[in-house]
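Trainee: Quick one: the structure is below, questions incoming.
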Amino acid sequence: MLECMPEGEVAHTIGKINPVKTCQPIGAMYAALGIHRCLPHSHGSQGCCAYHRMHLSRHFRDPVLASTSSFTEGASVFGGAANLKTAIKNVFEIYKPDIIAVHTTCLSETIGDDIPTIIKQSEVPEGKVVIHANTPSYVGSHITGFSNMVKAMVTYLAERDEETIRKKRVNIIPGFINPSDMREIKRITASLGVDMTMFPDTTNVLDSPLTAKFDMYPEGGATIEQIRDSGNSRLTLAIGAWSSNAAGAALQEKCGVPCVPLKVPIGLKATDDLIMTLKEKFDAVVPDDLTLERGQVVDTLIDTHFHYQGKKVAIYGDPDIVVPMVEFVLTMGMIPKYVIIGTPGKAFEEQIGAMIEAVGIEDYIVKAEGDLFELHQWIKEESVDLLIGNTYGKYIARAEDIPLVRVGFPILDRAVHPLMPITGYKGCLRLIEMISNALLDRRDRDCLDEDYELVL
């Protein structure tokens with residue numbers, strides 16, 4: 001176990017130990033599943049596709065379907081063009097999707113397969129579509145892969161009809177978040193009376209109910225027509241800089257749709273920003289139910305602040321989740337002592353540093369493209385009261401006896417998380433509950449008998 005972690009600093013400049021990320025194709029596969037009647041296609045070996053499907057299935061606890069080019073020795077030496085052409089033909093004939101979303105792997109990227117040319121030379125039935133994204137695993141992370149695939153949706157599909165007046169509608173690019181969080185963002189937008197197109201949209205795809213029959217393509221997901229028509233919308237909200245900004249910028253350049261970048265609406269301020277942007281851009285009226293929900297969050301923060309005020313916390317995971325999480329724990333009066341992500345991007349360090357220093361905190365460490373080995377080293381030097389992040393932090397939590405609040409992707413050892421939102425005001429209440437209860441459970445466990453109180 002990680003109790004064997006060496007004392008003192010152990011520098012490692014090559015490779016990652018216990019990384020805070022996974023590879024690009026997983027993000028691309030998840031994004032592709034957010035298109036209605038889409039079959040993701042992994043252009044590489046069977047093992048890559050099997051791993052990516054398994055990892056997503058373990059987090060969402062729902063079946064994840066994808067096809068593969070099934071590279072063998074021949075394709076590895078001479079290229080996978082023949083495999084991909086055959087795969088496209090067979091997939092359309094056998095599985096009958098409306099669209100195939102091809103993503104590459106390390107092997108096909110190293111070979112240098114020219115995917116656009118291969119697609120043009122393939123047998124694509126009339127009315128069907130094939131798109132692709134380059135997603136080598138040795139660059140970026142699953143967030144980069146998600147971003148590249150969503151940008152491909154815009155590049156291949158989005159169109160602007162110059163004769164059509166821009167529709168009073170917002171495009172929402174939600175970022176790499178759970179279906180429940182997408183559902184909550186859609187609920188908030190609908191409650192403001194704003195028409196929207198969300199893509200990708202994994203609601204009713206990876207959180208679909210159990211029925212009496214198997215449906216290979218659930219009813220959820222943005223349709224090809226909706227993505228095409230996104231070029232005629234009035235505005236795009238790119239939610240999450242690392243996963244959505246590239247697609248929002250591409251849509252603005254290609255179709256002239258203005259793009260407003262926002263944080264994922266985790267926490268009070270980020271949710272406020274989403275609602276106020278929609279209010280200002282669409283002259284929307286904020287309904288009483290959202291005002292009530294916000295008031296409940298503020299009231300709960302006041303009622304429970306002594307549970308977590310001044311507690312030190314380490315936060316790790318995906319940048320688009322970590323940034324608003326840091327903002328929210330600062331709102332709660334906690335101290336983000338260590339903040340780390342696995343995705344590249346030095347802008348992350350500047351953004352988080354500015355947030356923390358704005359409230360007068362000076363003693364902290366922030367790092368982009370780090371790993372959990374480094375985080376564990378820091379905690380050994382000076383511990384924290386709480387960990388917030390995905391399942392992979394449980395080893396540090398056990399080794400150092402620190403409570404862990406599971407947030408982000410992947411969560412492999414607990415159920416129901418993908419069905420429970422952490423976005424919006426309802427998500428604020430859930431996060432306050434999880435953080436408070438983790439700290440109170442620790443207090444009850446550790447306190448003396450005479451301090452074991454009934455009311456806390």
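By convention in this document, the chains of the structure tokens carry letters A, B, ... by their order, each chain's residues are numbered from 1, and ligands are numbered from 1 in the order they are shown.
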For segment 414-416 of chain A, list every protein, DNA or RNA residue within 10 Å, evaluated using only C-alpha atoms, and leave out those in the same chain fewer than 5 positions away; present the list as a PyMOL selection string.
Mentor: chain A and resi 58-61+207+391+406
Trainee: Write to file, as a PDB file, in the first residue's frame, the residues of the selection just made, with C-alpha atoms.
Mentor:
```
ATOM      1  CA  ARG A  58     -17.681   1.249 -14.703  1.00  0.00           C
ATOM      2  CA  HIS A  59     -18.273   4.940 -13.987  1.00  0.00           C
ATOM      3  CA  PHE A  60     -21.765   5.272 -15.485  1.00  0.00           C
ATOM      4  CA  ARG A  61     -22.877   1.686 -14.724  1.00  0.00           C
ATOM      5  CA  ASP A 207     -28.581   7.455 -17.495  1.00  0.00           C
ATOM      6  CA  THR A 391     -11.861   7.366  -6.899  1.00  0.00           C
ATOM      7  CA  ARG A 406     -15.872  11.750  -4.363  1.00  0.00           C
TER       8      ARG A 406
END
```
Trainee: Skip Pro265 of chain A itself and residues of its chain fewer than 6 positions away, then list as number ranges by chain all residues within 10 Å of it, counting only C-alpha atoms.
Mentor: A: 174, 181, 184-185, 239-240, 271-275, 320-321, 324-325, 422-425, 427-428
Trainee: Those selected residues, please, written with N, CA, C and O atoms and delivered as a short mmCIF file (atom, residue, chain, number, x, y, z; two decimals), in the first residue's frame.
Mentor:
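Below is the file selection_3.cif, written as the result:
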```
data_model
loop_
_atom_site.label_atom_id
_atom_site.label_comp_id
_atom_site.auth_asym_id
_atom_site.auth_seq_id
_atom_site.Cartn_x
_atom_site.Cartn_y
_atom_site.Cartn_z
N PRO A 174 -21.68 21.55 -22.98
CA PRO A 174 -21.68 21.41 -21.53
C PRO A 174 -20.36 20.97 -20.89
O PRO A 174 -20.22 21.01 -19.68
N ASP A 181 -25.70 16.30 -14.56
CA ASP A 181 -25.32 17.71 -14.57
C ASP A 181 -25.79 18.39 -15.85
O ASP A 181 -26.22 19.55 -15.83
N GLU A 184 -29.42 19.05 -15.32
CA GLU A 184 -29.67 20.19 -14.44
C GLU A 184 -29.45 21.52 -15.17
O GLU A 184 -30.22 22.47 -14.99
N ILE A 185 -28.43 21.58 -16.02
CA ILE A 185 -28.20 22.80 -16.82
C ILE A 185 -29.37 23.03 -17.77
O ILE A 185 -29.83 24.16 -17.95
N ILE A 239 -19.20 25.87 -21.82
CA ILE A 239 -19.14 25.65 -20.38
C ILE A 239 -17.94 24.76 -20.07
O ILE A 239 -17.93 23.57 -20.38
N GLY A 240 -16.91 25.36 -19.50
CA GLY A 240 -15.68 24.65 -19.21
C GLY A 240 -14.63 24.95 -20.26
O GLY A 240 -14.74 24.50 -21.40
N THR A 271 -22.93 29.23 -10.79
CA THR A 271 -24.34 29.09 -11.16
C THR A 271 -24.97 30.46 -11.41
O THR A 271 -25.73 30.64 -12.37
N ASP A 272 -24.63 31.42 -10.55
CA ASP A 272 -25.10 32.79 -10.77
C ASP A 272 -24.67 33.30 -12.15
O ASP A 272 -25.46 33.94 -12.87
N ASP A 273 -23.42 33.02 -12.51
CA ASP A 273 -22.90 33.51 -13.80
C ASP A 273 -23.68 32.93 -14.97
O ASP A 273 -23.98 33.64 -15.94
N LEU A 274 -24.03 31.64 -14.91
CA LEU A 274 -24.81 31.01 -15.97
C LEU A 274 -26.18 31.68 -16.09
O LEU A 274 -26.62 32.06 -17.19
N ILE A 275 -26.86 31.82 -14.97
CA ILE A 275 -28.22 32.38 -14.98
C ILE A 275 -28.21 33.83 -15.45
O ILE A 275 -29.03 34.25 -16.28
N ASP A 320 -11.95 21.55 -15.55
CA ASP A 320 -13.25 22.21 -15.61
C ASP A 320 -14.13 21.88 -14.40
O ASP A 320 -15.13 22.56 -14.17
N ILE A 321 -13.79 20.86 -13.65
CA ILE A 321 -14.46 20.57 -12.38
C ILE A 321 -13.71 21.23 -11.23
O ILE A 321 -14.30 21.80 -10.31
N PRO A 324 -14.22 25.48 -10.67
CA PRO A 324 -15.37 25.95 -9.88
C PRO A 324 -15.44 25.33 -8.49
O PRO A 324 -16.00 25.95 -7.57
N MET A 325 -14.85 24.13 -8.29
CA MET A 325 -14.83 23.54 -6.95
C MET A 325 -13.98 24.38 -6.02
O MET A 325 -14.35 24.62 -4.86
N ILE A 422 -24.09 17.81 -9.38
CA ILE A 422 -23.36 18.73 -8.50
C ILE A 422 -23.39 20.14 -9.09
O ILE A 422 -22.78 21.05 -8.54
N THR A 423 -24.09 20.31 -10.21
CA THR A 423 -24.23 21.62 -10.84
C THR A 423 -25.51 22.30 -10.35
O THR A 423 -26.42 21.64 -9.84
N GLY A 424 -25.56 23.63 -10.54
CA GLY A 424 -26.74 24.38 -10.16
C GLY A 424 -26.86 24.53 -8.65
O GLY A 424 -26.00 24.07 -7.89
N TYR A 425 -27.92 25.17 -8.22
CA TYR A 425 -28.13 25.39 -6.79
C TYR A 425 -28.41 24.08 -6.07
O TYR A 425 -27.99 23.88 -4.92
N GLY A 427 -27.10 21.28 -6.89
CA GLY A 427 -25.78 20.69 -6.75
C GLY A 427 -24.99 21.30 -5.61
O GLY A 427 -24.22 20.61 -4.92
N CYS A 428 -25.17 22.60 -5.37
CA CYS A 428 -24.52 23.26 -4.22
C CYS A 428 -24.92 22.58 -2.92
O CYS A 428 -24.07 22.29 -2.07
#
```
Trainee: Mind pulling up the distance from atom CA of Leu387 of chain A to atom CA of Glu327 of chain A?
Mentor: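 We find that atom CA of Glu327 of chain A and atom CA of Leu387 of chain A lie 15.5 Å from each other.
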Trainee: Kindly provide the residues of segment 140-237 of chain A that approach segment 5-24 of chain A to within 6 Å, each paired with its closest atom pair and their distance in Å to one decimal, based on only C-alpha atoms, listed by chain and increasing number, as JSON lines.
Mentor:
```
{"residue": "A:Ser141", "atom": "CA", "partner": "A:Cys23", "partner_atom": "CA", "distance": 4.8}
{"residue": "A:His142", "atom": "CA", "partner": "A:Gln24", "partner_atom": "CA", "distance": 4.0}
{"residue": "A:Thr144", "atom": "CA", "partner": "A:Gln24", "partner_atom": "CA", "distance": 5.9}
{"residue": "A:Gly145", "atom": "CA", "partner": "A:Gln24", "partner_atom": "CA", "distance": 3.9}
```
Trainee: Considering only strand (DSSP E) as DSSP defines it on the backbone, what residues of segment 163-307 of chain A qualify? List them as JSON, numbers by chain.
Mentor: {"A": [167, 168, 169, 170, 171, 172, 173, 195, 196, 197, 198, 233, 234, 235, 236, 237, 238, 239, 259, 260, 261, 262]}
Trainee: Go ahead and write the selection's residues with C-alpha atoms as a CSV table (one decimal), in the first residue's frame.
Mentor:
```csv
chain,number,residue,atom,x,y,z
A,167,LYS,CA,-33.0,32.0,-34.0
A,168,LYS,CA,-33.6,33.1,-30.4
A,169,ARG,CA,-31.8,30.1,-29.1
A,170,VAL,CA,-28.6,29.3,-27.2
A,171,ASN,CA,-26.1,26.5,-28.0
A,172,ILE,CA,-24.8,24.9,-24.8
A,173,ILE,CA,-21.6,23.0,-25.0
A,195,ASP,CA,-34.7,27.8,-26.2
A,196,MET,CA,-31.5,25.7,-26.4
A,197,THR,CA,-29.5,23.1,-28.3
A,198,MET,CA,-27.1,21.1,-26.1
A,233,SER,CA,-28.4,30.2,-33.1
A,234,ARG,CA,-28.0,33.6,-31.5
A,235,LEU,CA,-25.4,32.6,-28.9
A,236,THR,CA,-23.1,29.7,-27.7
A,237,LEU,CA,-22.2,29.1,-24.1
A,238,ALA,CA,-18.9,27.2,-23.8
A,239,ILE,CA,-19.1,25.6,-20.4
A,259,CYS,CA,-19.4,32.5,-27.9
A,260,VAL,CA,-19.4,33.2,-24.2
A,261,PRO,CA,-17.0,31.1,-22.1
A,262,LEU,CA,-18.3,30.1,-18.6
```
Trainee: Please list as a short mmCIF file (atom, residue, chain, number, x, y, z; two decimals) with all heavy atoms, in the first residue's frame every residue within 12 Å of segment 439-456 of chain A, counting only C-alpha atoms and excluding residues in the same chain fewer than 6 positions away.
Mentor:
```
data_model
loop_
_atom_site.label_atom_id
_atom_site.label_comp_id
_atom_site.auth_asym_id
_atom_site.auth_seq_id
_atom_site.Cartn_x
_atom_site.Cartn_y
_atom_site.Cartn_z
N ASP A 303 -26.06 28.22 8.04
CA ASP A 303 -26.43 27.26 9.08
C ASP A 303 -25.31 26.26 9.38
O ASP A 303 -25.23 25.74 10.50
CB ASP A 303 -27.68 26.48 8.67
CG ASP A 303 -28.93 27.34 8.67
OD1 ASP A 303 -28.89 28.43 9.27
OD2 ASP A 303 -29.94 26.93 8.06
N THR A 304 -24.48 25.96 8.39
CA THR A 304 -23.52 24.85 8.54
C THR A 304 -22.06 25.30 8.48
O THR A 304 -21.17 24.47 8.49
CB THR A 304 -23.74 23.79 7.44
OG1 THR A 304 -23.56 24.41 6.15
CG2 THR A 304 -25.14 23.21 7.52
N HIS A 305 -21.80 26.60 8.46
CA HIS A 305 -20.44 27.06 8.19
C HIS A 305 -19.43 26.56 9.21
O HIS A 305 -18.26 26.33 8.90
CB HIS A 305 -20.39 28.59 8.14
CG HIS A 305 -20.52 29.26 9.47
ND1 HIS A 305 -21.74 29.49 10.07
CD2 HIS A 305 -19.58 29.71 10.34
CE1 HIS A 305 -21.55 30.07 11.23
NE2 HIS A 305 -20.26 30.22 11.43
N PHE A 306 -19.86 26.34 10.46
CA PHE A 306 -18.92 25.92 11.51
C PHE A 306 -18.47 24.47 11.32
O PHE A 306 -17.54 24.02 11.99
CB PHE A 306 -19.54 26.12 12.89
CG PHE A 306 -20.92 25.55 13.03
CD1 PHE A 306 -21.11 24.23 13.43
CD2 PHE A 306 -22.03 26.32 12.77
CE1 PHE A 306 -22.38 23.69 13.55
CE2 PHE A 306 -23.32 25.80 12.90
CZ PHE A 306 -23.49 24.48 13.29
N HIS A 307 -19.11 23.73 10.41
CA HIS A 307 -18.66 22.36 10.14
C HIS A 307 -17.37 22.34 9.32
O HIS A 307 -16.57 21.41 9.45
CB HIS A 307 -19.73 21.59 9.34
CG HIS A 307 -21.01 21.40 10.08
ND1 HIS A 307 -22.20 21.08 9.44
CD2 HIS A 307 -21.32 21.48 11.39
CE1 HIS A 307 -23.17 20.96 10.33
NE2 HIS A 307 -22.66 21.21 11.52
N TYR A 308 -17.18 23.34 8.47
CA TYR A 308 -16.05 23.29 7.52
C TYR A 308 -15.22 24.57 7.47
O TYR A 308 -14.21 24.62 6.79
CB TYR A 308 -16.57 22.98 6.11
CG TYR A 308 -17.84 23.72 5.74
CD1 TYR A 308 -17.83 25.07 5.46
CD2 TYR A 308 -19.06 23.05 5.70
CE1 TYR A 308 -19.00 25.75 5.14
CE2 TYR A 308 -20.23 23.71 5.39
CZ TYR A 308 -20.21 25.05 5.12
OH TYR A 308 -21.36 25.72 4.82
N GLN A 309 -15.63 25.61 8.18
CA GLN A 309 -14.89 26.88 8.17
C GLN A 309 -13.42 26.67 8.56
O GLN A 309 -13.12 26.06 9.58
CB GLN A 309 -15.53 27.87 9.15
CG GLN A 309 -14.84 29.21 9.25
CD GLN A 309 -15.15 30.12 8.07
OE1 GLN A 309 -16.22 30.04 7.49
NE2 GLN A 309 -14.21 30.96 7.71
N LYS A 311 -11.21 24.70 7.32
CA LYS A 311 -10.64 23.38 7.09
C LYS A 311 -9.79 23.40 5.81
O LYS A 311 -10.13 24.03 4.82
CB LYS A 311 -11.75 22.33 6.92
CG LYS A 311 -12.63 22.15 8.16
CD LYS A 311 -11.86 21.52 9.30
CE LYS A 311 -12.81 21.21 10.46
NZ LYS A 311 -12.08 20.61 11.61
N LYS A 312 -8.67 22.69 5.87
CA LYS A 312 -7.77 22.60 4.73
C LYS A 312 -8.19 21.44 3.83
O LYS A 312 -8.50 20.35 4.31
CB LYS A 312 -6.32 22.41 5.18
CG LYS A 312 -5.75 23.60 5.95
CD LYS A 312 -4.33 23.34 6.38
CE LYS A 312 -3.76 24.51 7.17
NZ LYS A 312 -2.38 24.24 7.63
N VAL A 313 -8.17 21.69 2.51
CA VAL A 313 -8.65 20.69 1.57
C VAL A 313 -7.69 20.56 0.40
O VAL A 313 -7.07 21.54 -0.02
CB VAL A 313 -10.08 21.06 1.08
CG1 VAL A 313 -10.09 22.43 0.44
CG2 VAL A 313 -10.63 20.02 0.12
N VAL A 384 -3.90 17.58 5.28
CA VAL A 384 -5.12 18.37 5.09
C VAL A 384 -6.27 17.67 5.83
O VAL A 384 -6.14 16.54 6.28
CB VAL A 384 -5.47 18.53 3.59
CG1 VAL A 384 -4.44 19.39 2.88
CG2 VAL A 384 -5.62 17.18 2.91
N ASP A 385 -7.40 18.36 5.92
CA ASP A 385 -8.57 17.80 6.61
C ASP A 385 -9.48 17.01 5.69
O ASP A 385 -10.28 16.19 6.16
CB ASP A 385 -9.38 18.94 7.24
CG ASP A 385 -8.58 19.74 8.24
OD1 ASP A 385 -8.15 19.16 9.26
OD2 ASP A 385 -8.36 20.96 8.01
N LEU A 386 -9.36 17.25 4.37
CA LEU A 386 -10.30 16.64 3.43
C LEU A 386 -9.68 16.54 2.04
O LEU A 386 -8.93 17.42 1.63
CB LEU A 386 -11.57 17.51 3.37
CG LEU A 386 -12.76 16.96 2.58
CD1 LEU A 386 -13.38 15.76 3.30
CD2 LEU A 386 -13.81 18.05 2.38
N LEU A 387 -10.02 15.46 1.35
CA LEU A 387 -9.69 15.29 -0.07
C LEU A 387 -10.97 15.39 -0.89
O LEU A 387 -12.01 14.85 -0.50
CB LEU A 387 -9.05 13.92 -0.33
CG LEU A 387 -7.61 13.68 0.12
CD1 LEU A 387 -7.30 12.19 0.06
CD2 LEU A 387 -6.65 14.43 -0.77
N ILE A 388 -10.92 16.09 -2.02
CA ILE A 388 -12.05 16.15 -2.95
C ILE A 388 -11.53 15.76 -4.33
O ILE A 388 -10.64 16.42 -4.87
CB ILE A 388 -12.68 17.55 -3.00
CG1 ILE A 388 -13.23 17.95 -1.63
CG2 ILE A 388 -13.80 17.59 -4.05
CD1 ILE A 388 -13.82 19.35 -1.60
N ASP A 401 -5.22 8.55 6.30
CA ASP A 401 -6.39 8.65 7.17
C ASP A 401 -7.08 10.01 7.03
O ASP A 401 -7.24 10.76 8.00
CB ASP A 401 -6.00 8.40 8.63
CG ASP A 401 -7.21 8.12 9.51
OD1 ASP A 401 -8.27 7.75 8.96
OD2 ASP A 401 -7.11 8.31 10.74
N ILE A 402 -7.46 10.32 5.80
CA ILE A 402 -8.12 11.59 5.47
C ILE A 402 -9.46 11.29 4.81
O ILE A 402 -9.52 10.44 3.91
CB ILE A 402 -7.25 12.44 4.52
CG1 ILE A 402 -5.88 12.73 5.13
CG2 ILE A 402 -7.95 13.76 4.17
CD1 ILE A 402 -4.90 13.34 4.14
N PRO A 403 -10.55 11.95 5.20
CA PRO A 403 -11.83 11.73 4.52
C PRO A 403 -11.75 12.13 3.05
O PRO A 403 -11.06 13.08 2.69
CB PRO A 403 -12.81 12.64 5.27
CG PRO A 403 -12.13 13.01 6.55
CD PRO A 403 -10.65 12.93 6.29
N LEU A 404 -12.48 11.39 2.20
CA LEU A 404 -12.51 11.66 0.77
C LEU A 404 -13.94 11.92 0.34
O LEU A 404 -14.84 11.10 0.59
CB LEU A 404 -11.94 10.47 -0.01
CG LEU A 404 -12.15 10.47 -1.53
CD1 LEU A 404 -11.44 11.65 -2.18
CD2 LEU A 404 -11.67 9.15 -2.14
N VAL A 405 -14.18 13.06 -0.30
CA VAL A 405 -15.46 13.35 -0.94
C VAL A 405 -15.28 13.10 -2.43
O VAL A 405 -14.46 13.74 -3.09
CB VAL A 405 -15.91 14.80 -0.69
CG1 VAL A 405 -17.12 15.16 -1.54
CG2 VAL A 405 -16.23 15.00 0.79
N ILE A 432 -22.45 20.69 -0.27
CA ILE A 432 -22.39 21.09 1.14
C ILE A 432 -22.68 19.89 2.03
O ILE A 432 -22.00 19.65 3.04
CB ILE A 432 -23.38 22.23 1.43
CG1 ILE A 432 -22.99 23.50 0.67
CG2 ILE A 432 -23.43 22.53 2.94
CD1 ILE A 432 -24.05 24.58 0.69
N GLU A 433 -23.70 19.11 1.65
CA GLU A 433 -24.04 17.92 2.43
C GLU A 433 -22.88 16.92 2.47
O GLU A 433 -22.51 16.43 3.55
CB GLU A 433 -25.28 17.25 1.83
CG GLU A 433 -25.67 15.96 2.54
CD GLU A 433 -26.60 15.08 1.72
OE1 GLU A 433 -26.65 15.25 0.48
OE2 GLU A 433 -27.26 14.22 2.31
#
```
Trainee: What are the nearest atom pairs, with distances in Å to one decimal, for all residues of segment 280-348 of chain A that come at most 9 Å from segment 353-369 of chain A, using only C-alpha atoms, set out by chain and rising residue number as CSV?
Mentor:
```
residue,atom,partner,partner_atom,distance
A:Pro319,CA,A:Ala368,CA,8.5
A:Val326,CA,A:Met355,CA,8.1
A:Glu327,CA,A:Met355,CA,7.0
A:Leu330,CA,A:Ile356,CA,7.6
A:Ile335,CA,A:Ile361,CA,7.6
A:Pro336,CA,A:Tyr364,CA,7.0
A:Lys337,CA,A:Tyr364,CA,4.6
A:Tyr338,CA,A:Ile365,CA,4.9
A:Val339,CA,A:Val366,CA,4.7
A:Ile340,CA,A:Lys367,CA,4.9
A:Ile341,CA,A:Ala368,CA,5.0
A:Gly342,CA,A:Glu369,CA,4.1
A:Thr343,CA,A:Glu369,CA,5.1
A:Pro344,CA,A:Glu369,CA,4.9
A:Gly345,CA,A:Ala368,CA,6.1
A:Lys346,CA,A:Ala368,CA,6.3
A:Ala347,CA,A:Ala368,CA,8.6
A:Phe348,CA,A:Ala368,CA,6.5
```
Trainee: Would you write out those residues with N, CA and C atoms, as a PDB file, in the first residue's frame?
Mentor:
```pdb
ATOM      1  N   PRO A 319      -9.712  19.864 -14.944  1.00  0.00           N
ATOM      2  CA  PRO A 319      -9.664  21.315 -14.724  1.00  0.00           C
ATOM      3  C   PRO A 319     -11.030  21.980 -14.694  1.00  0.00           C
ATOM      4  N   VAL A 326     -12.831  24.851  -6.510  1.00  0.00           N
ATOM      5  CA  VAL A 326     -11.984  25.729  -5.699  1.00  0.00           C
ATOM      6  C   VAL A 326     -12.750  27.003  -5.367  1.00  0.00           C
ATOM      7  N   GLU A 327     -13.423  27.565  -6.355  1.00  0.00           N
ATOM      8  CA  GLU A 327     -14.208  28.785  -6.137  1.00  0.00           C
ATOM      9  C   GLU A 327     -15.267  28.559  -5.060  1.00  0.00           C
ATOM     10  N   LEU A 330     -13.841  28.120  -1.449  1.00  0.00           N
ATOM     11  CA  LEU A 330     -13.469  29.439  -0.937  1.00  0.00           C
ATOM     12  C   LEU A 330     -14.713  30.179  -0.437  1.00  0.00           C
ATOM     13  N   ILE A 335      -9.979  26.255   3.028  1.00  0.00           N
ATOM     14  CA  ILE A 335      -8.656  26.637   2.522  1.00  0.00           C
ATOM     15  C   ILE A 335      -8.175  25.577   1.531  1.00  0.00           C
ATOM     16  N   PRO A 336      -8.162  25.883   0.232  1.00  0.00           N
ATOM     17  CA  PRO A 336      -7.614  24.928  -0.745  1.00  0.00           C
ATOM     18  C   PRO A 336      -6.090  24.910  -0.665  1.00  0.00           C
ATOM     19  N   LYS A 337      -5.577  23.971   0.108  1.00  0.00           N
ATOM     20  CA  LYS A 337      -4.133  23.894   0.364  1.00  0.00           C
ATOM     21  C   LYS A 337      -3.380  23.355  -0.850  1.00  0.00           C
ATOM     22  N   TYR A 338      -3.903  22.301  -1.474  1.00  0.00           N
ATOM     23  CA  TYR A 338      -3.261  21.700  -2.641  1.00  0.00           C
ATOM     24  C   TYR A 338      -4.309  21.554  -3.753  1.00  0.00           C
ATOM     25  N   VAL A 339      -3.943  21.968  -4.950  1.00  0.00           N
ATOM     26  CA  VAL A 339      -4.841  21.863  -6.105  1.00  0.00           C
ATOM     27  C   VAL A 339      -4.022  21.335  -7.273  1.00  0.00           C
ATOM     28  N   ILE A 340      -4.492  20.233  -7.878  1.00  0.00           N
ATOM     29  CA  ILE A 340      -3.684  19.599  -8.924  1.00  0.00           C
ATOM     30  C   ILE A 340      -4.587  18.996  -9.995  1.00  0.00           C
ATOM     31  N   ILE A 341      -4.164  19.093 -11.256  1.00  0.00           N
ATOM     32  CA  ILE A 341      -4.857  18.460 -12.379  1.00  0.00           C
ATOM     33  C   ILE A 341      -3.827  17.715 -13.222  1.00  0.00           C
ATOM     34  N   GLY A 342      -4.305  16.792 -14.059  1.00  0.00           N
ATOM     35  CA  GLY A 342      -3.402  16.053 -14.942  1.00  0.00           C
ATOM     36  C   GLY A 342      -3.371  16.598 -16.350  1.00  0.00           C
ATOM     37  N   THR A 343      -4.330  17.454 -16.689  1.00  0.00           N
ATOM     38  CA  THR A 343      -4.423  18.014 -18.030  1.00  0.00           C
ATOM     39  C   THR A 343      -3.438  19.163 -18.187  1.00  0.00           C
ATOM     40  N   PRO A 344      -2.754  19.273 -19.334  1.00  0.00           N
ATOM     41  CA  PRO A 344      -1.817  20.387 -19.535  1.00  0.00           C
ATOM     42  C   PRO A 344      -2.543  21.730 -19.547  1.00  0.00           C
ATOM     43  N   GLY A 345      -1.830  22.791 -19.170  1.00  0.00           N
ATOM     44  CA  GLY A 345      -2.396  24.139 -19.232  1.00  0.00           C
ATOM     45  C   GLY A 345      -1.908  25.022 -18.102  1.00  0.00           C
ATOM     46  N   LYS A 346      -0.880  25.801 -18.348  1.00  0.00           N
ATOM     47  CA  LYS A 346      -0.331  26.676 -17.314  1.00  0.00           C
ATOM     48  C   LYS A 346      -1.314  27.772 -16.897  1.00  0.00           C
ATOM     49  N   ALA A 347      -2.279  28.095 -17.770  1.00  0.00           N
ATOM     50  CA  ALA A 347      -3.281  29.093 -17.420  1.00  0.00           C
ATOM     51  C   ALA A 347      -4.060  28.672 -16.181  1.00  0.00           C
ATOM     52  N   PHE A 348      -4.161  27.361 -15.967  1.00  0.00           N
ATOM     53  CA  PHE A 348      -4.857  26.849 -14.791  1.00  0.00           C
ATOM     54  C   PHE A 348      -4.185  27.340 -13.512  1.00  0.00           C
TER      55      PHE A 348
END
```
Trainee: From a backbone DSSP assignment, name each residue in segment 163-301 of chain A labelled alpha helix (DSSP H), as JSON, numbers by chain.
Mentor: {"A": [179, 180, 181, 182, 183, 184, 185, 186, 187, 188, 189, 190, 191, 224, 225, 226, 227, 228, 229, 241, 242, 243, 244, 245, 246, 247, 248, 249, 250, 251, 252, 253, 254, 255, 268, 269, 270, 271, 272, 273, 274, 275, 276, 277, 278, 279, 280, 281, 282, 288, 289, 290, 291, 292, 293, 294, 295, 296, 297, 298, 299, 300, 301]}
Trainee: Which residue gives the smallest distance to Gly393 of chain A among A:Cys38, A:Gly370, A:Asp161, A:Gly317, with only C-alpha atoms counted?
Mentor: A:Gly317
Trainee: Would you kindly return, as a list of chain:residue names, each protein, DNA or RNA residue with an atom no farther than 12 Å from any atom of Thr110 of chain A, considering only C-alpha atoms and excluding same-chain residues fewer than 6 positions away?
Mentor: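 The contact residues come out as A:His43, A:Gly44, A:Ala75, A:Ser76, A:Val77, A:Phe78, A:Gly79, A:Gly80, A:Thr104, A:Asn134, A:Thr135, A:Pro136, A:Ser137, A:Tyr138, A:Val139.
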Trainee: I need the residue nearest Gly220 of chain A from this list: A:Arg53, A:Arg430, A:Arg183, A:Lys89. Use only C-alpha atoms for the distance.
Mentor: A:Arg183
Trainee: Which residues are near Val154 of chain A? Cut-off 12 Å, only C-alpha atoms, ignore same chain within fewer than 2 positions. Put them as a PyMOL selection string.
Mentor: chain A and resi 131-133+147-152+156-160+171+173+199-200+224-231+236+244-255+257
Trainee: Report, in Å to a single decimal, how far apart atom CA of Thr211 of chain A and atom CA of Val64 of chain A are.
Mentor: 16.5 Å
Trainee: Could you tell me how far atom CA of Gly310 of chain A lies from atom CA of Lys426 of chain A, in Å and to one decimal?
Mentor: 23.6 Å
